[in-house]
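**Student:** Structure in structure tokens, see below.
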Protein chains: 2
Amino acid sequence: MKYDELYALLRRRGVLWPTAEVYGGAQGLYDYGPLGARLKRRIEEAWTAWFVGMSHDYYLIDPTDLLPEAVVRASGHLENFTDPEVVCDACHTAFRADTVLEKIRPEGVDGLSSPEIAEIVRANQVRCPHCGSTQLSVPPPFHLMFGVDFGVTGRERAYLRPETAQSSYLAFARMWDVGRHALPLGIAVVGKAYRNEIAPRQVLFRMRAFTQAELQIFFDPNDFALPFDSVREERLPVLRVPRRESGEESPEWETAAELVARGNLPEFYVYHMVHLFRFVRDVLRYPSDRIRFFEKSDAERAFYNRIQFDLEVHLESLAGYKELGAVHYRGDYDLTRHGEGAGRDFTVTLTGGRKVLPHVLELTFGVDRNVWATADLLLGKDGERTVWRLPPYLAPVAVGVFPLIPKEQGSYAARLANELAARGLPVDLDDTGTIGKRYARMDEAGTPFCITVDGGTVGTGPERDTVTLRERDGRTQSRVPVAELAARIAPALTLPWPVRP
Amino acid sequence: MKYDELYALLRRRGVLWPTAEVYGGAQGLYDYGPLGARLKRRIEEAWTAWFVGMSHDYYLIDPTDLLPEAVVRASGHLENFTDPEVVCDACHTAFRADTVLEKIRPEGVDGLSSPEIAEIVRANQVRCPHCGSTQLSVPPPFHLMFGVDFGVTGRERAYLRPETAQSSYLAFARMWDVGRHALPLGIAVVGKAYRNEIAPRQVLFRMRAFTQAELQIFFDPNDFALPFDSVREERLPVLRVPRRESGEESPEWETAAELVARGNLPEFYVYHMVHLFRFVRDVLRYPSDRIRFFEKSDAERAFYNRIQFDLEVHLESLAGYKELGAVHYRGDYDLTRHGEGAGRDFTVTLTGGRKVLPHVLELTFGVDRNVWATADLLLGKDGERTVWRLPPYLAPVAVGVFPLIPKEQGSYAARLANELAARGLPVDLDDTGTIGKRYARMDEAGTPFCITVDGGTVGTGPERDTVTLRERDGRTQSRVPVAELAARIAPALTLPWPVRP
């Protein structure tokens with residue numbers, strides 16, 4: 001679907017809407033309604049099972065999202081977490097400099113100072129994208145962190161974390177003590193991050209408060225053994241820097257083994273590219289031909305990232321490839337910086353006595369963006385129907401329960417819905433409109449199963465205590481004894497793994 | 001346990017620790033480690049199932065935690081969300097005025113102006129609790145909201161929400177459209193709230209960033225029918241204002257019917273007191289004799305609360321009763337205020353044509369405080385053992401899996417652990433130390449089941465593919481075929497309801 005149509009559908013169904021909508025909304029903030037909240041939670045749970053489930057030594061923690069100033073000073077965010085900005089002196093609109101200069105400098109403005117950007121603006125007689133004026137000025141870079149006065153003295157500052165990763169780095173020393181004193185050690189966070197974006201847009205794609213799922217794997221750079229054979233033959237869609245520079249947009253398919261042998265990438269890095277790829281292909285069920293790994297060049301990467309491929313997916317609603325996750329090899333940057341900041345040495349002693357400052361491999365994943373992507377990729381027309389073909393284990397509602405005639409079968413249906421809910425199945429009781437309309441509502445919400453309670457169910461004949469079970473994808477209908485329902489439905493709702501190698 | 005001992009144990013086991021601990025910590029902020037994160041999540045899930053599960057018209061949403069200024073102006077927080085403060089001019093420590101004046105004015109300082117408080121301080125020659133100086137001054141009340149500059153103009157402000165409730169009020173109009181156009185309509189939020197507390201203390205009890213679970217029930221004041229008969233005979237421990245004023249601390253037990261008939265409370269209000277009481281007694285398994293409903297007097301309640309009983313629990317670690325939740329009857333205050341603020345009328349038209357501005361019944365629940373309460377109430381010595389007697393469905397780890405001799409049975413145990421994890425059971429593989437030590441670690445973490453894989457399991461004799469299953473509470477051990485494990489364990493992990501009336 002196109003952007004407008006998709007967003008309107010998601011608002012109408014209460015999947016999401018702008019925060020403080022009744023006040024006219026707040027730019028860059030969104031609230032999830034019942035369907036969106038459950039879908040988001042299910043995606044988070046699937047991510048956790050898949051990534052934290054990689055090892056018994058990987059853990060999910062739940063840290064707070066406020067960080068003291070010393071932390072963001074050490075991480076470099078206090079100094080560097082800015083976006084160059086261009087402001088129109090005529091209409092007073094602010095823009096990201098890279099957006100205004102998109103055509104003149106497609107390679108972006110990273111590394112340029114404000115005066116350098118101002119010179120480009122002047123030399124090219126750039127006009128305001130909003131009002132057309134040439135009265136553009138370039139103030140000092142705009143800081144993206146939200147800071148608060150913390151405590152009672154007025155002298156302390158804290159910051160809403162700009163990325164969840166920092167919370168994992170802070171936890172490393174404690175988790176080393178709590179865990180098995182072994183590397184690799186994984187520390188994952190699923191939680192909020194905050195950025196005062198200059199130009200929030202595209203709903204869930206550039207938000208000012210958003211949810212990240214990030215796994216930081218702390219490993220010994222001399223010994224990060226993984227079962228590479230289990231991924232060796234997997235083919236990945238990769239767009240490397242040289243092909244990009246020749247103007248290509250579509251990826252080449254290369255096996256993991258080729259990426260290591262010819263691409264000069266470490267096995268541990270490619271192993272995790274495969275793991276991320278399998279997650280979006282096999283668990284989220286994104287079509288393979290929409291996916292690519294987009295290599296970031298030296299100029300594009302943050303300087304501490306030694307290797308970076310973004311996982312991008314082509315979305316019709318946003319008319320292009322969008323980053324939904326990434327694999328970052330960050331070296332020892334983070335533990336070094338926080339070691340300096342905290343006056344600590346985060347070197348650990350391994351069994352056998354060898355000392356090592358762990359390196360970090362970071363797997364990032366944008367939860368909100370993937371909520372949108374499931375809608376873009378899996379929700380669409382099928383003839384007359386609008387169907388959200390979510391994998392059943394991600395569906396916000398597993399089972400719709402319909403009393404055919406609410407007055408006569410309503411209490412039976414309610415009791416049945418309660419019983420299914422008590423088994424942990426997310427249920428929606430719908431007693432409004434024709435059964436066809438109720439199917440349509442459930443198709444649109446991605447509900448894989450619908451149950452109709454009718455006269456036969458509550459009667460005394462051979463259909464007593466049987467219901468009509470209808471499946472979303474095949475549109476098949478069958479008569480099923482109530483006692484067998486849970487067993488018929490539950491397998492489809494089980495996440496498709498064990499995953500530990 | 002005493003406070004120090006309990007907190008030390010929770011830190012050591014990685015249940016929780018101060019945020020940015022390696023930097024010396026941040027006052028009033030805490031991070032949950034693996035055990036704490038899972039326990040907190042399980043409590044949130046139990047709360048959601050119990051309270052949102054009350055009706056098919058109650059919904060959990062997931063709104064953002066930043067609010068535009070117009071929202072907190074309308075709610076009254078911008079003007080009134082302050083604490084009177086006393087500052088020592090000698091040692092520069094800030095205190096909550098009610099704490100400094102605790103003995104002189106046990107009824108608190110609500111409603112007093114700063115000059116009035118200053119006069120009490122002067123007249124009583126109050127001394128600084130920290131350095132003993134009498135040089136105390138009383139500045140204007142201290143604002144508890146964290147505000148941020150929002151957007152690029154420098155003229156917009158947003159606030160970290162001081163309570164999750166506001167997000168539900170903002171969502172009412174949208175949820176009315178999304179739902180069945182019927183009252184009561186419930187909108188629940190489980191999420192962060194933020195307060196710049198003057199004196200954060202008692203770990204999870206006065207935090208600057210904390211998690212609330214709150215259900216706002218929007219209802220028709222002329223028609224809020226509930227199955228009161230199902231709660232009529234339930235006895236509740238209640239401490240009402242007259243008994244409090246006579247110096248009593250312990251509650252009286254009264255039936256729900258008595259509270260309505262003699263206590264002049266509405267049926268709908270008492271019904272929800274029972275529901276909350278049953279949750280902490282039957283689901284969280286707090287001992288009944290530690291619980292009381294503490295009625296707030298006219299002076300103590302926020303002016304918009306028509307009726308307020310706090311659910312309090314006596315905690316040894318904090319040497320007294322602590323508020324863990326509450327039932328607030330807020331009337332039409334919230335929809336009226338936001339109607340004025342947003343220039344909207346939130347009156348709805350019911351089937352049949354009657355128009356009504358819904359009233360709000362609010363059920364609040366402090367998630368972090370209840371994490372601590374489960375430790376205070378359920379974690380303790382049992383002879384030589386330290387056991388956390390969490391209900392199995394709340395336990396962060398359901399099953400500990402131990403290879404007796406890791407070199408010989410390690411891979412079998414790992415495979416078994418994976419299989420159990422794939423069925424959704426939270427598993428911990430522990431291969432360090434004697435089996436007795438591993439049992440002890442699991443007892444301390446609240447793990448209800450332990451499985452030992454030994455020579456018999458991996459051998460060819462009659463014990464092949466059987467393991468020793470040990471239960472935490474009875475300390476019973478039995479030999480169980482691996483194929484029967486999930487069926488033996490799963491029932492204990494099922495939340496104990498259906499709950500819908």
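All residue names refer to the structure tokens as shown: chains lettered A, B, ... in order, residues numbered from 1 in each chain, ligands numbered from 1 in order.
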Just want the 7 Å neighbourhood of range 393-400 of chain A, counted on only C-alpha atoms, with same-chain residues fewer than 6 positions away dropped. Output as a list in words.

**Tutor:**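 Contacts, with the query itself left out: Leu35, Arg38, Leu39, Arg42, Ile43, Leu425, Pro426, Val427, Asp428, Leu429, Asp430, Met442, Gly446, Thr447, Pro448, Phe449, Cys450, Ile451, Ala492, Leu493, Thr494 and Leu495 of chain A.
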
**Student:** Please list as a ChimeraX atom specification every residue within 7 Å of range 337-347 of chain A, counting only C-alpha atoms and excluding residues in the same chain fewer than 5 positions away.

**Tutor:** /A:70,74-75,173,355-357 /B:22-23

**Student:** Can you write just those residues out, N, CA and C atoms, as a PDB file, in the first residue's frame?

**Tutor:**
ATOM      1  N   ALA A  70      28.143  12.030  33.155  1.00  0.00           N
ATOM      2  CA  ALA A  70      29.480  11.440  33.009  1.00  0.00           C
ATOM      3  C   ALA A  70      29.467  10.305  31.976  1.00  0.00           C
ATOM      4  N   ALA A  74      31.666  10.289  28.466  1.00  0.00           N
ATOM      5  CA  ALA A  74      32.634   9.245  28.122  1.00  0.00           C
ATOM      6  C   ALA A  74      32.303   8.592  26.782  1.00  0.00           C
ATOM      7  N   SER A  75      31.034   8.383  26.518  1.00  0.00           N
ATOM      8  CA  SER A  75      30.649   7.680  25.285  1.00  0.00           C
ATOM      9  C   SER A  75      30.874   8.551  24.049  1.00  0.00           C
ATOM     10  N   ALA A 173      30.554  -4.843  33.871  1.00  0.00           N
ATOM     11  CA  ALA A 173      31.327  -5.287  35.049  1.00  0.00           C
ATOM     12  C   ALA A 173      30.445  -6.112  35.994  1.00  0.00           C
ATOM     13  N   LYS A 355      44.560 -12.351  30.197  1.00  0.00           N
ATOM     14  CA  LYS A 355      43.776 -11.130  30.400  1.00  0.00           C
ATOM     15  C   LYS A 355      43.389 -10.558  29.046  1.00  0.00           C
ATOM     16  N   VAL A 356      42.166 -10.048  28.974  1.00  0.00           N
ATOM     17  CA  VAL A 356      41.710  -9.493  27.701  1.00  0.00           C
ATOM     18  C   VAL A 356      40.710  -8.363  27.960  1.00  0.00           C
ATOM     19  N   LEU A 357      40.824  -7.300  27.175  1.00  0.00           N
ATOM     20  CA  LEU A 357      39.783  -6.275  27.147  1.00  0.00           C
ATOM     21  C   LEU A 357      38.821  -6.683  26.035  1.00  0.00           C
TER      22      LEU A 357
ATOM     23  N   VAL B  22      29.244   1.684  37.859  1.00  0.00           N
ATOM     24  CA  VAL B  22      30.701   1.829  37.708  1.00  0.00           C
ATOM     25  C   VAL B  22      31.135   3.297  37.755  1.00  0.00           C
ATOM     26  N   TYR B  23      30.186   4.201  37.628  1.00  0.00           N
ATOM     27  CA  TYR B  23      30.479   5.635  37.785  1.00  0.00           C
ATOM     28  C   TYR B  23      30.103   6.122  39.186  1.00  0.00           C
TER      29      TYR B  23
END

**Student:** For chain B, which residues have at least one atom within 6 Å of chain A, if we go by only C-alpha atoms? Write them as a PyMOL selection string, please.

**Tutor:** chain B and resi 14+20+23+31-34+37+59-64+148+152+170+178+198+342+422+498

**Student:** Go ahead and write the residues just picked, all heavy atoms, as a compact mmCIF listing (two decimals), in the first residue's frame.

**Tutor:**
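What ended up in again28.txt:
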# COMPACT_ATOMS: atom_id res chain seq x y z
N GLY B 14 22.46 -10.13 40.91
CA GLY B 14 22.14 -9.45 39.65
C GLY B 14 20.66 -9.28 39.44
O GLY B 14 20.18 -9.27 38.31
N ALA B 20 24.46 3.03 36.32
CA ALA B 20 25.80 3.62 36.18
C ALA B 20 26.62 3.35 37.44
O ALA B 20 27.36 4.21 37.91
CB ALA B 20 25.73 5.11 35.87
N TYR B 23 30.19 4.20 37.63
CA TYR B 23 30.48 5.64 37.79
C TYR B 23 30.10 6.12 39.19
O TYR B 23 30.03 7.32 39.41
CB TYR B 23 29.70 6.45 36.76
CG TYR B 23 30.28 6.41 35.36
CD1 TYR B 23 30.00 5.36 34.50
CD2 TYR B 23 31.12 7.43 34.91
CE1 TYR B 23 30.52 5.31 33.23
CE2 TYR B 23 31.65 7.40 33.63
CZ TYR B 23 31.34 6.34 32.80
OH TYR B 23 31.87 6.32 31.53
N ASP B 31 18.93 -0.36 37.69
CA ASP B 31 18.84 -1.25 36.53
C ASP B 31 18.48 -2.65 37.02
O ASP B 31 18.98 -3.10 38.06
CB ASP B 31 20.20 -1.33 35.81
CG ASP B 31 20.55 -0.03 35.09
OD1 ASP B 31 19.73 0.91 35.12
OD2 ASP B 31 21.65 0.04 34.53
N TYR B 32 17.63 -3.33 36.28
CA TYR B 32 17.33 -4.72 36.57
C TYR B 32 18.23 -5.63 35.76
O TYR B 32 18.36 -5.47 34.54
CB TYR B 32 15.88 -5.05 36.21
CG TYR B 32 14.86 -4.42 37.12
CD1 TYR B 32 14.19 -3.26 36.75
CD2 TYR B 32 14.57 -4.99 38.36
CE1 TYR B 32 13.25 -2.68 37.58
CE2 TYR B 32 13.62 -4.41 39.19
CZ TYR B 32 12.97 -3.26 38.80
OH TYR B 32 12.04 -2.69 39.63
N GLY B 33 18.85 -6.58 36.43
CA GLY B 33 19.62 -7.60 35.75
C GLY B 33 18.72 -8.72 35.26
O GLY B 33 17.49 -8.60 35.28
N PRO B 34 19.32 -9.83 34.80
CA PRO B 34 18.52 -10.89 34.17
C PRO B 34 17.39 -11.41 35.07
O PRO B 34 16.25 -11.52 34.62
CB PRO B 34 19.56 -11.98 33.90
CG PRO B 34 20.87 -11.26 33.81
CD PRO B 34 20.77 -10.10 34.74
N ALA B 37 14.82 -8.51 35.67
CA ALA B 37 14.08 -8.14 34.45
C ALA B 37 12.97 -9.16 34.19
O ALA B 37 11.84 -8.80 33.85
CB ALA B 37 15.02 -8.07 33.26
N TYR B 59 -8.43 -2.80 27.52
CA TYR B 59 -7.32 -2.93 26.57
C TYR B 59 -6.01 -2.43 27.17
O TYR B 59 -6.00 -1.45 27.91
CB TYR B 59 -7.61 -2.11 25.31
CG TYR B 59 -8.86 -2.49 24.58
CD1 TYR B 59 -10.07 -1.84 24.85
CD2 TYR B 59 -8.86 -3.50 23.64
CE1 TYR B 59 -11.24 -2.19 24.19
CE2 TYR B 59 -10.01 -3.86 22.96
CZ TYR B 59 -11.20 -3.20 23.26
OH TYR B 59 -12.35 -3.55 22.58
N LEU B 60 -4.93 -3.07 26.80
CA LEU B 60 -3.59 -2.58 27.14
C LEU B 60 -3.05 -1.82 25.94
O LEU B 60 -3.04 -2.34 24.82
CB LEU B 60 -2.66 -3.74 27.46
CG LEU B 60 -1.23 -3.37 27.88
CD1 LEU B 60 -1.21 -2.74 29.27
CD2 LEU B 60 -0.31 -4.60 27.84
N ILE B 61 -2.60 -0.59 26.17
CA ILE B 61 -1.98 0.19 25.10
C ILE B 61 -0.54 0.49 25.49
O ILE B 61 -0.12 0.24 26.62
CB ILE B 61 -2.76 1.49 24.80
CG1 ILE B 61 -2.71 2.46 25.98
CG2 ILE B 61 -4.20 1.17 24.42
CD1 ILE B 61 -3.29 3.84 25.66
N ASP B 62 0.24 1.01 24.55
CA ASP B 62 1.66 1.26 24.78
C ASP B 62 2.00 2.66 24.26
O ASP B 62 2.54 2.81 23.17
CB ASP B 62 2.48 0.18 24.08
CG ASP B 62 3.98 0.34 24.31
OD1 ASP B 62 4.38 1.21 25.11
OD2 ASP B 62 4.76 -0.40 23.67
N PRO B 63 1.66 3.67 25.04
CA PRO B 63 1.91 5.04 24.60
C PRO B 63 3.31 5.51 24.99
O PRO B 63 3.96 4.90 25.83
CB PRO B 63 0.86 5.84 25.37
CG PRO B 63 0.48 4.98 26.54
CD PRO B 63 1.01 3.60 26.35
N THR B 64 3.76 6.59 24.35
CA THR B 64 5.08 7.12 24.66
C THR B 64 5.07 7.78 26.04
O THR B 64 4.01 8.06 26.60
CB THR B 64 5.52 8.12 23.59
OG1 THR B 64 6.90 8.40 23.75
CG2 THR B 64 4.75 9.42 23.70
N VAL B 148 11.93 18.80 29.15
CA VAL B 148 12.98 18.84 28.12
C VAL B 148 12.59 19.87 27.07
O VAL B 148 11.41 20.14 26.84
CB VAL B 148 13.18 17.47 27.41
CG1 VAL B 148 13.61 16.42 28.40
CG2 VAL B 148 11.93 17.03 26.66
N VAL B 152 13.02 21.96 17.54
CA VAL B 152 14.21 22.72 17.14
C VAL B 152 14.13 24.20 17.46
O VAL B 152 15.12 24.91 17.38
CB VAL B 152 14.46 22.56 15.62
CG1 VAL B 152 14.86 21.13 15.32
CG2 VAL B 152 13.22 22.97 14.83
N LEU B 170 -5.56 10.63 27.42
CA LEU B 170 -5.37 11.15 26.06
C LEU B 170 -5.91 10.18 25.01
O LEU B 170 -6.32 10.59 23.94
CB LEU B 170 -3.88 11.37 25.78
CG LEU B 170 -3.19 12.47 26.57
CD1 LEU B 170 -1.72 12.55 26.16
CD2 LEU B 170 -3.88 13.81 26.36
N VAL B 178 -12.25 3.04 18.34
CA VAL B 178 -11.72 1.73 17.98
C VAL B 178 -12.55 0.61 18.61
O VAL B 178 -12.70 -0.46 18.03
CB VAL B 178 -10.24 1.62 18.43
CG1 VAL B 178 -9.74 0.19 18.33
CG2 VAL B 178 -9.37 2.57 17.59
N ILE B 198 12.98 14.76 45.54
CA ILE B 198 13.96 15.51 46.32
C ILE B 198 14.90 14.55 47.04
O ILE B 198 16.11 14.74 47.08
CB ILE B 198 13.24 16.43 47.34
CG1 ILE B 198 12.43 17.50 46.60
CG2 ILE B 198 14.26 17.08 48.28
CD1 ILE B 198 11.55 18.32 47.50
N ALA B 342 -7.98 20.60 25.50
CA ALA B 342 -7.91 20.28 24.08
C ALA B 342 -9.03 20.94 23.28
O ALA B 342 -9.07 20.82 22.06
CB ALA B 342 -7.96 18.76 23.88
N ALA B 422 12.73 -23.95 24.18
CA ALA B 422 11.92 -23.81 22.96
C ALA B 422 10.44 -23.99 23.25
O ALA B 422 9.59 -23.55 22.49
CB ALA B 422 12.37 -24.81 21.90
N PRO B 498 -8.84 -18.58 34.76
CA PRO B 498 -9.53 -17.45 34.14
C PRO B 498 -10.16 -16.52 35.18
O PRO B 498 -10.56 -16.94 36.26
CB PRO B 498 -10.63 -18.09 33.31
CG PRO B 498 -10.87 -19.39 33.96
CD PRO B 498 -9.59 -19.82 34.58

**Student:** What separation in Å, quoted to one decimal, exists between CA of Arg240 in chain A and CA of Asp282 in chain A?

**Tutor:**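 Between CA of Arg240 in chain A and CA of Asp282 in chain A the gap works out to 23.7 Å.
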
**Student:** Could you pull out the helix (DSSP H, G or I) residues of range 249-494 of chain A from DSSP and send them as JSON, numbers by chain?

**Tutor:** {"A": [256, 257, 258, 259, 260, 261, 267, 268, 269, 270, 271, 272, 273, 274, 275, 276, 277, 278, 279, 280, 281, 282, 283, 288, 289, 290, 333, 334, 335, 336, 337, 338, 339, 340, 341, 342, 367, 368, 369, 370, 371, 372, 373, 374, 375, 376, 377, 378, 392, 393, 394, 406, 407, 408, 409, 410, 411, 412, 413, 414, 415, 416, 417, 418, 419, 420, 421, 422, 435, 436, 437, 438, 439, 440, 441, 442, 443, 444, 445, 455, 456, 457, 458, 482, 483, 484, 485, 486, 487, 488, 489, 490, 491, 492, 493]}

**Student:** How far is it from CA of Val189 in chain A to CA of Arg369 in chain A, in Å with one decimal?

**Tutor:** 16.7 Å

**Student:** Between A:Ala165, A:Ala261, A:Ala97, A:Met273, which residue has the minimum interatomic distance to Glu234 in chain A, considering only C-alpha atoms?

**Tutor:** A:Met273

**Student:** Calculate how many Å separate CA of Ala213 in chain B from CA of Thr364 in chain B, rounding to one decimal.

**Tutor:**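 Computed distance, CA of Ala213 in chain B to CA of Thr364 in chain B, equals 6.1 Å.
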
**Student:** Tell me which of A:Leu315, A:Ala8, A:Ala486, A:Val283 sits closest to Glu45 in chain A, counting only C-alpha atoms.

**Tutor:**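 Closest candidate: A:Val283.
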
**Student:** Would you pick out the contacts of His359 in chain A at 10 Å or less, using only C-alpha atoms, so that residues sharing its chain but fewer than 4 positions from it are not included, and give the list as a ChimeraX atom specification?

**Tutor:** /A:184,216-222,329-336

**Student:** Generate the output file for the selected residues, N, CA and C atoms, as a CSV table (one decimal), in the first residue's frame.

**Tutor:**
chain,number,residue,atom,x,y,z
A,184,PRO,N,32.3,-15.6,25.0
A,184,PRO,CA,31.5,-14.4,24.9
A,184,PRO,C,30.4,-14.2,25.9
A,216,GLN,N,24.6,-6.6,22.8
A,216,GLN,CA,26.0,-6.3,22.7
A,216,GLN,C,26.7,-7.6,23.1
A,217,ILE,N,27.5,-8.2,22.2
A,217,ILE,CA,28.3,-9.4,22.5
A,217,ILE,C,29.7,-9.0,22.8
A,218,PHE,N,30.1,-9.2,24.1
A,218,PHE,CA,31.5,-9.0,24.5
A,218,PHE,C,32.3,-10.2,24.3
A,219,PHE,N,33.4,-10.1,23.5
A,219,PHE,CA,34.1,-11.4,23.1
A,219,PHE,C,35.6,-11.1,23.1
A,220,ASP,N,36.3,-12.3,23.2
A,220,ASP,CA,37.7,-12.3,23.1
A,220,ASP,C,38.1,-12.2,21.6
A,221,PRO,N,38.8,-11.2,21.2
A,221,PRO,CA,39.2,-11.1,19.8
A,221,PRO,C,40.1,-12.2,19.3
A,222,ASN,N,40.7,-12.9,20.2
A,222,ASN,CA,41.6,-14.0,19.8
A,222,ASN,C,40.8,-15.3,19.8
A,329,TYR,N,30.7,-4.0,14.2
A,329,TYR,CA,31.9,-4.4,15.0
A,329,TYR,C,32.6,-3.2,15.5
A,330,ARG,N,32.4,-3.0,16.9
A,330,ARG,CA,32.9,-1.8,17.5
A,330,ARG,C,34.2,-1.9,18.2
A,331,GLY,N,34.9,-3.0,18.1
A,331,GLY,CA,36.2,-3.2,18.7
A,331,GLY,C,36.1,-3.0,20.2
A,332,ASP,N,37.2,-2.4,20.8
A,332,ASP,CA,37.2,-2.2,22.2
A,332,ASP,C,36.9,-0.7,22.6
A,333,TYR,N,36.3,0.0,21.6
A,333,TYR,CA,36.0,1.4,21.8
A,333,TYR,C,35.2,1.6,23.1
A,334,ASP,N,34.1,0.9,23.3
A,334,ASP,CA,33.2,1.2,24.4
A,334,ASP,C,33.8,0.9,25.8
A,335,LEU,N,34.4,-0.2,25.9
A,335,LEU,CA,34.9,-0.5,27.3
A,335,LEU,C,36.2,0.4,27.5
A,336,THR,N,36.9,0.8,26.5
A,336,THR,CA,38.0,1.7,26.7
A,336,THR,C,37.5,3.1,27.2

**Student:** Run DSSP on the backbone and tell me which residues of range 345-470 of chain B come out as strand (DSSP E); list them as a VMD selection string.

**Tutor:** chain B and resid 348 to 349 355 to 356 359 to 366 379 to 382 385 to 388 399 to 403 427 to 429 449 to 453 466 to 470

**Student:** Might you pull out every residue within 8 Å of Phe268 in chain A, with only C-alpha atoms counted and same-chain residues fewer than 5 positions away left off, and present them as a PyMOL selection string?

**Tutor:** chain A and resi 224-226+228

**Student:** For the residues selected in the previous step, produce a file with all heavy atoms as a tab-separated table (two decimals), in the first residue's frame.

**Tutor:**
chain	number	residue	atom	x	y	z
A	224	PHE	N	36.79	-16.37	19.25
A	224	PHE	CA	35.33	-16.22	19.18
A	224	PHE	C	34.84	-17.35	18.28
A	224	PHE	O	34.51	-17.14	17.12
A	224	PHE	CB	34.96	-14.85	18.63
A	224	PHE	CG	33.51	-14.48	18.77
A	224	PHE	CD1	32.58	-15.31	19.40
A	224	PHE	CD2	33.04	-13.26	18.28
A	224	PHE	CE1	31.25	-14.95	19.52
A	224	PHE	CE2	31.70	-12.89	18.40
A	224	PHE	CZ	30.81	-13.74	19.01
A	225	ALA	N	34.83	-18.54	18.85
A	225	ALA	CA	34.50	-19.73	18.06
A	225	ALA	C	32.99	-19.85	17.91
A	225	ALA	O	32.25	-19.68	18.87
A	225	ALA	CB	35.05	-20.97	18.77
A	226	LEU	N	32.57	-20.11	16.70
A	226	LEU	CA	31.15	-20.24	16.41
A	226	LEU	C	30.98	-21.38	15.42
A	226	LEU	O	31.90	-21.70	14.67
A	226	LEU	CB	30.63	-18.95	15.76
A	226	LEU	CG	30.55	-17.75	16.70
A	226	LEU	CD1	30.57	-16.46	15.91
A	226	LEU	CD2	29.30	-17.83	17.56
A	228	PHE	N	30.48	-22.05	12.43
A	228	PHE	CA	30.35	-21.41	11.12
A	228	PHE	C	29.85	-22.36	10.04
A	228	PHE	O	29.20	-21.94	9.08
A	228	PHE	CB	31.70	-20.79	10.71
A	228	PHE	CG	31.59	-19.89	9.51
A	228	PHE	CD1	31.05	-18.61	9.64
A	228	PHE	CD2	31.98	-20.32	8.26
A	228	PHE	CE1	30.92	-17.78	8.53
A	228	PHE	CE2	31.84	-19.49	7.14
A	228	PHE	CZ	31.32	-18.23	7.28
